[in-house]
$ cat protein03.cif   # mmCIF, C-alpha atoms and all ligand atoms
data_run
#
loop_
_atom_site.group_PDB
_atom_site.id
_atom_site.type_symbol
_atom_site.label_atom_id
_atom_site.label_comp_id
_atom_site.auth_asym_id
_atom_site.auth_seq_id
_atom_site.Cartn_x
_atom_site.Cartn_y
_atom_site.Cartn_z
ATOM 1 C CA MET A 138 4.441 -4.576 -106.331
ATOM 2 C CA PRO A 139 1.937 -4.475 -109.221
ATOM 3 C CA GLN A 140 3.458 -3.364 -112.516
ATOM 4 C CA ASP A 141 0.270 -1.634 -113.627
ATOM 5 C CA LEU A 142 -0.692 1.236 -111.342
ATOM 6 C CA SER A 143 -3.509 2.388 -113.640
ATOM 7 C CA MET A 144 -5.913 0.796 -111.140
ATOM 8 C CA PHE A 145 -5.346 3.916 -108.985
ATOM 9 C CA SER A 146 -6.110 6.316 -111.831
ATOM 10 C CA LEU A 147 -9.392 8.243 -111.951
ATOM 11 C CA GLU A 148 -8.905 9.132 -115.629
ATOM 12 C CA GLY A 149 -12.271 9.414 -117.422
ATOM 13 C CA LYS A 150 -14.301 9.291 -114.197
ATOM 14 C CA THR A 151 -16.469 12.019 -112.729
ATOM 15 C CA ALA A 152 -16.577 12.714 -109.001
ATOM 16 C CA LEU A 153 -19.094 14.824 -107.112
ATOM 17 C CA VAL A 154 -17.796 16.193 -103.795
ATOM 18 C CA THR A 155 -19.950 18.102 -101.284
ATOM 19 C CA GLY A 156 -18.492 20.941 -99.220
ATOM 20 C CA ALA A 157 -16.072 21.647 -102.049
ATOM 21 C CA ASN A 158 -15.224 25.277 -101.299
ATOM 22 C CA THR A 159 -12.797 24.718 -98.442
ATOM 23 C CA GLY A 160 -10.993 22.312 -96.099
ATOM 24 C CA LEU A 161 -11.044 18.573 -96.689
ATOM 25 C CA GLY A 162 -13.578 18.847 -99.531
ATOM 26 C CA GLN A 163 -11.285 21.204 -101.398
ATOM 27 C CA GLY A 164 -8.337 18.866 -100.778
ATOM 28 C CA ILE A 165 -10.298 15.889 -102.135
ATOM 29 C CA CYS A 166 -11.443 17.832 -105.214
ATOM 30 C CA THR A 167 -7.871 18.840 -106.028
ATOM 31 C CA ALA A 168 -6.536 15.329 -105.477
ATOM 32 C CA TYR A 169 -9.234 13.825 -107.711
ATOM 33 C CA ALA A 170 -8.466 16.299 -110.485
ATOM 34 C CA ALA A 171 -4.756 15.464 -110.209
ATOM 35 C CA ALA A 172 -5.681 11.762 -110.471
ATOM 36 C CA GLY A 173 -7.527 12.472 -113.733
ATOM 37 C CA ALA A 174 -11.172 12.848 -112.694
ATOM 38 C CA ASN A 175 -13.640 15.495 -113.795
ATOM 39 C CA VAL A 176 -14.776 17.130 -110.568
ATOM 40 C CA ILE A 177 -18.161 18.552 -109.616
ATOM 41 C CA GLY A 178 -18.106 20.535 -106.390
ATOM 42 C CA VAL A 179 -21.275 21.207 -104.399
ATOM 43 C CA ALA A 180 -21.224 24.082 -101.930
ATOM 44 C CA ARG A 181 -23.445 26.828 -100.588
ATOM 45 C CA ARG A 182 -20.944 29.497 -101.644
ATOM 46 C CA SER A 183 -18.473 30.055 -104.470
ATOM 47 C CA CYS A 184 -15.778 27.436 -105.015
ATOM 48 C CA GLN A 185 -13.483 29.944 -106.748
ATOM 49 C CA GLU A 186 -10.385 28.905 -104.776
ATOM 50 C CA THR A 187 -11.040 25.211 -105.483
ATOM 51 C CA ALA A 188 -11.568 25.978 -109.177
ATOM 52 C CA GLU A 189 -8.188 27.753 -109.269
ATOM 53 C CA LYS A 190 -6.400 24.839 -107.577
ATOM 54 C CA ILE A 191 -7.965 22.406 -110.056
ATOM 55 C CA SER A 192 -7.076 24.596 -112.990
ATOM 56 C CA ALA A 193 -3.467 24.625 -111.745
ATOM 57 C CA VAL A 194 -3.329 20.813 -112.104
ATOM 58 C CA GLY A 195 -5.015 20.973 -115.522
ATOM 59 C CA GLY A 196 -8.333 19.530 -114.299
ATOM 60 C CA CYS A 197 -11.972 20.123 -115.192
ATOM 61 C CA PHE A 198 -14.264 21.587 -112.492
ATOM 62 C CA THR A 199 -17.996 22.344 -112.352
ATOM 63 C CA GLU A 200 -19.605 24.128 -109.419
ATOM 64 C CA ILE A 201 -23.119 23.513 -108.111
ATOM 65 C CA ILE A 202 -24.400 25.983 -105.534
ATOM 66 C CA ALA A 203 -26.831 24.311 -103.120
ATOM 67 C CA ASP A 204 -27.722 24.443 -99.444
ATOM 68 C CA LEU A 205 -27.373 20.880 -98.230
ATOM 69 C CA SER A 206 -29.379 21.500 -95.079
ATOM 70 C CA ASP A 207 -32.444 21.295 -97.348
ATOM 71 C CA MET A 208 -33.410 17.875 -98.777
ATOM 72 C CA GLN A 209 -35.173 19.708 -101.637
ATOM 73 C CA ALA A 210 -31.686 20.464 -103.001
ATOM 74 C CA ILE A 211 -31.188 16.827 -104.053
ATOM 75 C CA PRO A 212 -33.101 16.799 -107.383
ATOM 76 C CA GLN A 213 -31.387 20.079 -108.375
ATOM 77 C CA ILE A 214 -27.947 18.626 -107.608
ATOM 78 C CA VAL A 215 -28.622 15.423 -109.548
ATOM 79 C CA GLU A 216 -29.998 17.329 -112.513
ATOM 80 C CA GLU A 217 -27.155 19.877 -112.652
ATOM 81 C CA ALA A 218 -24.559 17.147 -112.226
ATOM 82 C CA HIS A 219 -25.987 15.159 -115.137
ATOM 83 C CA ARG A 220 -26.227 18.277 -117.261
ATOM 84 C CA ALA A 221 -22.457 18.704 -116.772
ATOM 85 C CA HIS A 222 -21.488 15.028 -117.219
ATOM 86 C CA ASP A 223 -23.428 12.014 -118.516
ATOM 87 C CA ARG A 224 -22.389 9.799 -115.674
ATOM 88 C CA ILE A 225 -21.282 10.467 -112.105
ATOM 89 C CA ASP A 226 -19.012 7.642 -110.921
ATOM 90 C CA ILE A 227 -17.966 8.802 -107.459
ATOM 91 C CA LEU A 228 -19.877 10.573 -104.678
ATOM 92 C CA VAL A 229 -18.047 12.022 -101.675
ATOM 93 C CA ASN A 230 -20.333 13.035 -98.814
ATOM 94 C CA ASN A 231 -17.977 15.507 -97.172
ATOM 95 C CA ALA A 232 -20.040 18.549 -96.123
ATOM 96 C CA GLY A 233 -20.581 18.603 -92.390
ATOM 97 C CA ILE A 234 -21.001 20.920 -89.433
ATOM 98 C CA ILE A 235 -20.193 20.769 -85.745
ATOM 99 C CA LYS A 236 -21.874 22.711 -82.929
ATOM 100 C CA ARG A 237 -20.122 22.777 -79.569
ATOM 101 C CA CYS A 238 -22.408 23.053 -76.541
ATOM 102 C CA ASP A 239 -22.882 21.377 -73.153
ATOM 103 C CA ALA A 240 -25.168 18.376 -73.650
ATOM 104 C CA ALA A 241 -27.535 19.814 -71.042
ATOM 105 C CA LYS A 242 -28.083 22.933 -73.168
ATOM 106 C CA VAL A 243 -28.372 21.541 -76.736
ATOM 107 C CA THR A 244 -31.561 22.722 -78.484
ATOM 108 C CA ALA A 245 -33.693 20.614 -80.820
ATOM 109 C CA GLU A 246 -32.970 23.158 -83.551
ATOM 110 C CA ASP A 247 -29.199 22.713 -83.267
ATOM 111 C CA TRP A 248 -29.568 18.932 -83.014
ATOM 112 C CA ASP A 249 -31.577 18.880 -86.263
ATOM 113 C CA ALA A 250 -29.172 21.235 -88.060
ATOM 114 C CA VAL A 251 -26.246 18.904 -87.351
ATOM 115 C CA THR A 252 -27.971 15.573 -87.958
ATOM 116 C CA ASP A 253 -29.896 16.759 -91.056
ATOM 117 C CA LEU A 254 -26.655 17.688 -92.842
ATOM 118 C CA ASN A 255 -24.208 15.149 -91.411
ATOM 119 C CA GLU A 256 -26.506 12.125 -91.449
ATOM 120 C CA LYS A 257 -29.854 12.516 -93.247
ATOM 121 C CA MET A 258 -28.378 14.261 -96.307
ATOM 122 C CA VAL A 259 -25.585 11.666 -96.517
ATOM 123 C CA PHE A 260 -28.213 8.938 -96.767
ATOM 124 C CA PHE A 261 -30.573 10.631 -99.225
ATOM 125 C CA LEU A 262 -27.865 11.977 -101.542
ATOM 126 C CA SER A 263 -26.309 8.500 -101.615
ATOM 127 C CA GLN A 264 -29.738 7.049 -102.392
ATOM 128 C CA ALA A 265 -30.267 9.528 -105.255
ATOM 129 C CA PHE A 266 -27.034 8.482 -107.014
ATOM 130 C CA ALA A 267 -27.226 4.785 -106.126
ATOM 131 C CA LYS A 268 -30.688 4.544 -107.724
ATOM 132 C CA ASN A 269 -29.140 5.449 -111.084
ATOM 133 C CA TRP A 270 -26.172 3.132 -110.554
ATOM 134 C CA ILE A 271 -28.441 0.206 -109.717
ATOM 135 C CA GLN A 272 -30.419 0.906 -112.898
ATOM 136 C CA ASP A 273 -27.439 1.225 -115.274
ATOM 137 C CA ASN A 274 -25.579 -1.647 -113.584
ATOM 138 C CA LYS A 275 -22.179 0.001 -114.025
ATOM 139 C CA GLY A 276 -21.360 0.383 -110.345
ATOM 140 C CA GLY A 277 -20.219 3.430 -108.422
ATOM 141 C CA LYS A 278 -18.234 4.586 -105.402
ATOM 142 C CA ILE A 279 -19.510 6.373 -102.328
ATOM 143 C CA ILE A 280 -17.056 7.784 -99.806
ATOM 144 C CA ASN A 281 -18.489 9.203 -96.616
ATOM 145 C CA ILE A 282 -16.495 11.431 -94.302
ATOM 146 C CA ALA A 283 -16.746 10.018 -90.799
ATOM 147 C CA SER A 284 -14.698 11.168 -87.770
ATOM 148 C CA MET A 285 -12.810 10.040 -84.672
ATOM 149 C CA LEU A 286 -16.244 10.606 -83.099
ATOM 150 C CA SER A 287 -17.553 7.672 -85.119
ATOM 151 C CA TYR A 288 -15.520 5.663 -82.560
ATOM 152 C CA GLN A 289 -15.334 7.917 -79.515
ATOM 153 C CA GLY A 290 -17.711 10.085 -77.504
ATOM 154 C CA GLY A 291 -16.065 13.497 -77.721
ATOM 155 C CA ILE A 292 -16.769 16.404 -75.403
ATOM 156 C CA ARG A 293 -19.625 18.942 -75.817
ATOM 157 C CA VAL A 294 -20.543 17.735 -79.330
ATOM 158 C CA PRO A 295 -23.298 15.124 -78.759
ATOM 159 C CA ALA A 296 -25.200 15.717 -82.032
ATOM 160 C CA TYR A 297 -21.963 15.593 -84.016
ATOM 161 C CA THR A 298 -20.927 12.348 -82.298
ATOM 162 C CA ALA A 299 -24.360 10.837 -82.951
ATOM 163 C CA SER A 300 -24.256 11.871 -86.613
ATOM 164 C CA LYS A 301 -20.708 10.665 -87.263
ATOM 165 C CA SER A 302 -21.399 7.366 -85.490
ATOM 166 C CA ALA A 303 -24.401 7.072 -87.807
ATOM 167 C CA VAL A 304 -22.154 7.728 -90.811
ATOM 168 C CA MET A 305 -20.029 4.702 -89.923
ATOM 169 C CA GLY A 306 -23.147 2.561 -89.417
ATOM 170 C CA LEU A 307 -24.714 3.793 -92.648
ATOM 171 C CA THR A 308 -21.498 3.041 -94.510
ATOM 172 C CA ARG A 309 -21.823 -0.596 -93.453
ATOM 173 C CA ALA A 310 -25.590 -0.776 -93.998
ATOM 174 C CA LEU A 311 -25.439 0.654 -97.517
ATOM 175 C CA ALA A 312 -22.414 -1.465 -98.418
ATOM 176 C CA ASN A 313 -24.366 -4.593 -97.515
ATOM 177 C CA GLU A 314 -27.293 -3.662 -99.748
ATOM 178 C CA TRP A 315 -25.407 -2.191 -102.675
ATOM 179 C CA ALA A 316 -22.248 -4.310 -102.968
ATOM 180 C CA PRO A 317 -24.127 -6.787 -105.236
ATOM 181 C CA HIS A 318 -24.641 -3.854 -107.619
ATOM 182 C CA ARG A 319 -20.872 -3.163 -107.726
ATOM 183 C CA ILE A 320 -21.349 -0.062 -105.614
ATOM 184 C CA ASN A 321 -18.586 0.392 -103.056
ATOM 185 C CA VAL A 322 -19.630 2.325 -99.961
ATOM 186 C CA ASN A 323 -16.733 3.184 -97.682
ATOM 187 C CA ALA A 324 -15.734 6.009 -95.358
ATOM 188 C CA ILE A 325 -12.697 7.959 -94.276
ATOM 189 C CA ALA A 326 -12.384 8.929 -90.625
ATOM 190 C CA PRO A 327 -10.078 11.942 -90.474
ATOM 191 C CA GLY A 328 -8.264 12.604 -87.227
ATOM 192 C CA TYR A 329 -7.686 16.156 -86.035
ATOM 193 C CA MET A 330 -7.240 18.218 -89.201
ATOM 194 C CA ALA A 331 -6.372 21.906 -89.527
ATOM 195 C CA THR A 332 -9.536 23.270 -91.218
ATOM 196 C CA ASN A 333 -12.344 25.723 -90.325
ATOM 197 C CA ASN A 334 -14.056 22.860 -88.452
ATOM 198 C CA THR A 335 -11.277 22.864 -85.819
ATOM 199 C CA ARG A 336 -10.420 26.592 -85.791
ATOM 200 C CA ASN A 337 -11.882 27.086 -82.296
ATOM 201 C CA LEU A 338 -10.103 24.024 -80.904
ATOM 202 C CA ARG A 339 -6.768 25.129 -82.332
ATOM 203 C CA SER A 340 -7.137 28.667 -81.006
ATOM 204 C CA ASP A 341 -7.700 27.363 -77.463
ATOM 205 C CA ALA A 342 -4.074 26.930 -76.335
ATOM 206 C CA SER A 343 -4.814 24.333 -73.683
ATOM 207 C CA ARG A 344 -7.101 22.178 -75.917
ATOM 208 C CA ASN A 345 -4.585 22.538 -78.755
ATOM 209 C CA ASP A 346 -1.749 21.266 -76.528
ATOM 210 C CA ASP A 347 -3.899 18.407 -75.154
ATOM 211 C CA ILE A 348 -4.793 17.239 -78.655
ATOM 212 C CA LEU A 349 -1.305 17.575 -80.112
ATOM 213 C CA SER A 350 0.261 15.689 -77.227
ATOM 214 C CA ARG A 351 -2.075 12.737 -77.925
ATOM 215 C CA ILE A 352 -1.413 12.491 -81.682
ATOM 216 C CA PRO A 353 1.434 10.016 -82.312
ATOM 217 C CA ALA A 354 2.374 11.894 -85.506
ATOM 218 C CA CYS A 355 2.773 15.052 -83.342
ATOM 219 C CA ARG A 356 0.924 17.364 -85.736
ATOM 220 C CA TRP A 357 -2.528 18.337 -86.982
ATOM 221 C CA GLY A 358 -3.484 16.688 -90.269
ATOM 222 C CA THR A 359 -3.993 18.647 -93.481
ATOM 223 C CA PRO A 360 -6.394 18.273 -96.434
ATOM 224 C CA GLU A 361 -3.459 16.807 -98.412
ATOM 225 C CA ASP A 362 -3.158 14.009 -95.833
ATOM 226 C CA ILE A 363 -6.475 12.440 -96.844
ATOM 227 C CA ALA A 364 -5.837 12.663 -100.590
ATOM 228 C CA GLY A 365 -4.298 9.181 -100.857
ATOM 229 C CA ALA A 366 -7.139 7.439 -98.996
ATOM 230 C CA ALA A 367 -9.750 9.381 -100.986
ATOM 231 C CA ILE A 368 -8.159 8.456 -104.321
ATOM 232 C CA PHE A 369 -7.729 4.816 -103.328
ATOM 233 C CA LEU A 370 -11.356 4.370 -102.226
ATOM 234 C CA ALA A 371 -12.602 6.050 -105.429
ATOM 235 C CA SER A 372 -10.413 3.953 -107.701
ATOM 236 C CA ASP A 373 -10.643 0.485 -109.250
ATOM 237 C CA ALA A 374 -7.988 -0.570 -106.731
ATOM 238 C CA ALA A 375 -10.738 -0.538 -104.067
ATOM 239 C CA SER A 376 -13.273 -2.599 -106.034
ATOM 240 C CA TYR A 377 -13.402 -5.345 -103.365
ATOM 241 C CA VAL A 378 -13.391 -2.958 -100.375
ATOM 242 C CA HIS A 379 -16.904 -2.607 -98.957
ATOM 243 C CA GLY A 380 -18.286 -1.017 -95.806
ATOM 244 C CA PHE A 381 -14.937 -0.078 -94.297
ATOM 245 C CA THR A 382 -14.042 3.123 -92.482
ATOM 246 C CA LEU A 383 -10.399 4.013 -93.028
ATOM 247 C CA ALA A 384 -8.881 6.234 -90.343
ATOM 248 C CA VAL A 385 -6.395 8.868 -91.487
ATOM 249 C CA ASP A 386 -5.557 10.146 -88.053
ATOM 250 C CA GLY A 387 -1.820 10.413 -87.411
ATOM 251 C CA GLY A 388 -2.205 7.348 -85.165
ATOM 252 C CA TRP A 389 -4.910 8.809 -82.845
ATOM 253 C CA LEU A 390 -6.945 5.580 -82.696
ATOM 254 C CA ALA A 391 -3.889 3.434 -82.184
ATOM 255 C CA ARG A 392 -3.001 5.268 -79.003
HETATM 256 P P1 LIG B 401 -14.888 22.884 -93.028
HETATM 257 O O1 LIG B 401 -13.721 23.586 -93.602
HETATM 258 O O2 LIG B 401 -15.761 23.570 -92.048
HETATM 259 O O3 LIG B 401 -15.752 22.287 -94.228
HETATM 260 C C1 LIG B 401 -17.103 21.914 -94.110
HETATM 261 C C2 LIG B 401 -17.739 22.032 -95.464
HETATM 262 O O4 LIG B 401 -19.143 21.735 -95.361
HETATM 263 C C3 LIG B 401 -17.647 23.462 -96.005
HETATM 264 O O5 LIG B 401 -17.478 23.425 -97.383
HETATM 265 C C4 LIG B 401 -19.001 24.004 -95.639
HETATM 266 O O6 LIG B 401 -19.403 25.134 -96.364
HETATM 267 C C5 LIG B 401 -19.857 22.806 -95.973
HETATM 268 N N1 LIG B 401 -21.202 22.985 -95.485
HETATM 269 C C6 LIG B 401 -21.602 23.193 -94.212
HETATM 270 N N2 LIG B 401 -22.939 23.390 -94.174
HETATM 271 C C7 LIG B 401 -23.384 23.284 -95.460
HETATM 272 C C8 LIG B 401 -24.654 23.404 -96.077
HETATM 273 N N3 LIG B 401 -25.763 23.643 -95.362
HETATM 274 N N4 LIG B 401 -24.743 23.278 -97.407
HETATM 275 C C9 LIG B 401 -23.633 23.059 -98.158
HETATM 276 N N5 LIG B 401 -22.398 22.937 -97.630
HETATM 277 C C10 LIG B 401 -22.286 23.058 -96.299
HETATM 278 O O7 LIG B 401 -14.366 21.611 -92.259
HETATM 279 P P2 LIG B 401 -13.669 20.271 -92.784
HETATM 280 O O8 LIG B 401 -12.810 19.845 -91.669
HETATM 281 O O9 LIG B 401 -13.110 20.425 -94.119
HETATM 282 O O10 LIG B 401 -14.937 19.310 -92.799
HETATM 283 C C11 LIG B 401 -15.214 18.417 -93.865
HETATM 284 C C12 LIG B 401 -15.786 17.136 -93.292
HETATM 285 O O11 LIG B 401 -14.793 16.491 -92.520
HETATM 286 C C13 LIG B 401 -16.984 17.357 -92.363
HETATM 287 O O12 LIG B 401 -17.934 16.341 -92.566
HETATM 288 C C14 LIG B 401 -16.351 17.213 -90.993
HETATM 289 O O13 LIG B 401 -17.275 16.819 -90.010
HETATM 290 C C15 LIG B 401 -15.329 16.139 -91.274
HETATM 291 N N6 LIG B 401 -14.255 16.009 -90.299
HETATM 292 C C16 LIG B 401 -13.393 17.026 -90.069
HETATM 293 C C17 LIG B 401 -12.382 16.825 -89.148
HETATM 294 C C18 LIG B 401 -11.390 17.903 -88.814
HETATM 295 O O14 LIG B 401 -10.605 17.715 -87.877
HETATM 296 N N7 LIG B 401 -11.335 18.995 -89.519
HETATM 297 C C19 LIG B 401 -12.244 15.619 -88.466
HETATM 298 C C20 LIG B 401 -13.155 14.606 -88.752
HETATM 299 C C21 LIG B 401 -14.149 14.804 -89.669
HETATM 300 P P3 LIG B 401 -19.180 26.614 -95.758
HETATM 301 O O15 LIG B 401 -17.730 26.951 -95.983
HETATM 302 O O16 LIG B 401 -20.129 27.425 -96.561
HETATM 303 O O17 LIG B 401 -19.533 26.574 -94.308
#

$ encode --input "protein03.cif" --output "structure tokens" --more "lines below"
Ligand code: NAP
Amino acid sequence: MPQDLSMFSLEGKTALVTGANTGLGQGICTAYAAAGANVIGVARRSCQETAEKISAVGGCFTEIIADLSDMQAIPQIVEEAHRAHDRIDILVNNAGIIKRCDAAKVTAEDWDAVTDLNEKMVFFLSQAFAKNWIQDNKGGKIINIASMLSYQGGIRVPAYTASKSAVMGLTRALANEWAPHRINVNAIAPGYMATNNTRNLRSDASRNDDILSRIPACRWGTPEDIAGAAIFLASDAASYVHGFTLAVDGGWLAR
């Protein structure tokens, strides 16, 4: 047991989290604030609730309103983030959408909507921050939010599965290129978590029962469940962890 646990502290660091208004993004923002970080939340709507949770733990929160389906949002996000804080140390690519539809009926429009946000934006936002980190040579942390569908096929969500499989691949690819610059690129693969993303699944009694009966922990996960993994991967304690996707899944993958 190390005597000095300050390696897990995020004191003095600034984290930018996308999809900060709700769900897992909100949970990560609150956890980071509790661990000492200044938090910048990016969302397409108000992050009022997140701001209140952060205020309750005595943290500092800045909101950036941006639609992440549009790559043009990137320069605005970088500029507003740097206006709020000199240096951004941690980027969490959390925003994501899922569209459920039989594979035979998926439209190109829906395919693009899912992959543009879940995959293309993850790459280009990471690139935007990594460019600065490579230049200033002070390192940085990127945490991507993957999924069980980075490992498995899923049912009626082909674009989502493709995008989340890409997130796991990108996590490795970027880690390989940027580890020499002291940039850690890792991912968290949440299992089945009770958020807006899974509202439809949870309200379908038969799907809900099927899923619950397969989770060794016998319950849906919560945003608080990924806090520990998110803090660890953002902290100095993870300085030699590169390109790894950490499942926080109640044992789903072990089954
Ligand atoms: P959620 O509550 O639906 O959160 C998704 C977040 O992404 C929301 O803040 C949402 O904003 C934001 N977002 C969507 N489209 C956006 C856009 N165009 N511009 C800006 N923000 C946008 O679901 P969640 O479960 O917390 O999802 C967070 C991440 O975890 C996603 O990447 C998801 O795929 C992943 N994940 C979730 C689960 C699960 O079981 N819940 C499992 C594995 C992975 P709005 O509120 O405005 O829509």

$ residues_around --input "protein03.cif" --residues "A:Val243" --least-positions-apart "5" --cutoff "12 Å" --atoms "all atoms listed in the file" --output "VMD selection string"
chain A and resid 236 to 238 248 to 251 293 to 297

$ resolve_selection --input "protein03.cif" --expression "the PyMOL selection byres (((not hetatm)) within 9 of (chain B and resi 401))" --output "number ranges by chain"
A: 155-164, 179-184, 202-207, 230-235, 250-251, 254-255, 281-287, 297, 301, 325-336, 357-360, 386

$ residues_around --input "protein03.cif" --residues "A:Leu311" --least-positions-apart "3" --cutoff "8 Å" --atoms "all atoms listed in the file" --output "MDAnalysis selection string"
chainID A and resid 307:308 314:315 322 380

$ closest_residue --input "protein03.cif" --among "A:Arg224, A:His318, A:His219, A:Lys190" --to "A:Thr151" --atoms "all atoms listed in the file"
A:Arg224

$ atom_distance --input "protein03.cif" --atom1 "atom CA of A:Arg344" --atom2 "atom CA of A:Asp362"
21.9 Å

$ closest_residue --input "protein03.cif" --among "A:Leu228, A:Ala265, A:Ala193, A:Ile214" --to "A:Val154" --atoms "only C-alpha atoms"
A:Leu228

$ atom_distance --input "protein03.cif" --atom1 "atom CA of A:Ser340" --atom2 "atom CA of A:Gly291"
17.9 Å

$ resolve_selection --input "protein03.cif" --expression "the PyMOL selection byres (((chain A and resi 271-274) around 9) and not hetatm)" --output "PDB file with C-alpha atoms, in the coordinates of the input"
ATOM      1  CA  PHE A 266     -27.034   8.482-107.014  1.00  0.00           C
ATOM      2  CA  ALA A 267     -27.226   4.785-106.126  1.00  0.00           C
ATOM      3  CA  LYS A 268     -30.688   4.544-107.724  1.00  0.00           C
ATOM      4  CA  ASN A 269     -29.140   5.449-111.084  1.00  0.00           C
ATOM      5  CA  TRP A 270     -26.172   3.132-110.554  1.00  0.00           C
ATOM      6  CA  LYS A 275     -22.179   0.001-114.025  1.00  0.00           C
ATOM      7  CA  GLY A 276     -21.360   0.383-110.345  1.00  0.00           C
ATOM      8  CA  GLY A 277     -20.219   3.430-108.422  1.00  0.00           C
ATOM      9  CA  TRP A 315     -25.407  -2.191-102.675  1.00  0.00           C
ATOM     10  CA  HIS A 318     -24.641  -3.854-107.619  1.00  0.00           C
ATOM     11  CA  ARG A 319     -20.872  -3.163-107.726  1.00  0.00           C
ATOM     12  CA  ILE A 320     -21.349  -0.062-105.614  1.00  0.00           C
TER      13      ILE A 320
END

$ atom_distance --input "protein03.cif" --atom1 "atom CA of A:Ala188" --atom2 "atom CA of A:Lys278"
22.7 Å

$ residues_near_point --input "protein03.cif" --point "(-6.5, 10.7, -97.4)" --cutoff "9 Å" --atoms "all atoms listed in the file" --output "list of chain:residue names"
A:Ile165, A:Ile325, A:Pro327, A:Pro360, A:Glu361, A:Asp362, A:Ile363, A:Ala364, A:Gly365, A:Ala366, A:Ala367, A:Ile368, A:Phe369, A:Leu383, A:Ala384, A:Val385

$ decode --input "protein03.cif" --residues "stretch 245-261 of chain A" --atoms "N, CA and C atoms" --output "short mmCIF file (atom, residue, chain, number, x, y, z; two decimals), in the first residue's frame"
data_model
loop_
_atom_site.label_atom_id
_atom_site.label_comp_id
_atom_site.auth_asym_id
_atom_site.auth_seq_id
_atom_site.Cartn_x
_atom_site.Cartn_y
_atom_site.Cartn_z
N ALA A 245 -28.34 6.26 -44.31
CA ALA A 245 -26.99 6.85 -44.32
C ALA A 245 -26.94 8.04 -43.36
N GLU A 246 -28.07 8.75 -43.27
CA GLU A 246 -28.13 9.92 -42.40
C GLU A 246 -27.94 9.52 -40.92
N ASP A 247 -28.64 8.47 -40.52
CA ASP A 247 -28.51 8.01 -39.13
C ASP A 247 -27.12 7.44 -38.87
N TRP A 248 -26.60 6.72 -39.86
CA TRP A 248 -25.24 6.16 -39.72
C TRP A 248 -24.24 7.28 -39.46
N ASP A 249 -24.34 8.36 -40.30
CA ASP A 249 -23.40 9.48 -40.16
C ASP A 249 -23.59 10.20 -38.82
N ALA A 250 -24.84 10.36 -38.39
CA ALA A 250 -25.08 11.07 -37.12
C ALA A 250 -24.37 10.36 -35.98
N VAL A 251 -24.46 9.03 -35.96
CA VAL A 251 -23.85 8.26 -34.87
C VAL A 251 -22.32 8.25 -35.00
N THR A 252 -21.82 7.96 -36.19
CA THR A 252 -20.36 7.83 -36.31
C THR A 252 -19.65 9.19 -36.27
N ASP A 253 -20.32 10.25 -36.75
CA ASP A 253 -19.69 11.59 -36.68
C ASP A 253 -19.44 11.99 -35.22
N LEU A 254 -20.42 11.76 -34.36
CA LEU A 254 -20.27 12.16 -32.95
C LEU A 254 -19.40 11.16 -32.18
N ASN A 255 -19.73 9.88 -32.31
CA ASN A 255 -19.09 8.87 -31.45
C ASN A 255 -17.66 8.54 -31.86
N GLU A 256 -17.32 8.82 -33.12
CA GLU A 256 -16.02 8.36 -33.64
C GLU A 256 -15.20 9.52 -34.21
N LYS A 257 -15.77 10.22 -35.20
CA LYS A 257 -14.99 11.28 -35.88
C LYS A 257 -14.68 12.42 -34.91
N MET A 258 -15.66 12.85 -34.12
CA MET A 258 -15.42 13.94 -33.17
C MET A 258 -14.42 13.51 -32.09
N VAL A 259 -14.47 12.27 -31.67
CA VAL A 259 -13.52 11.78 -30.66
C VAL A 259 -12.09 11.94 -31.19
N PHE A 260 -11.90 11.58 -32.46
CA PHE A 260 -10.56 11.71 -33.04
C PHE A 260 -10.14 13.18 -33.16
N PHE A 261 -11.00 14.01 -33.76
CA PHE A 261 -10.55 15.38 -34.06
C PHE A 261 -10.47 16.26 -32.82
#
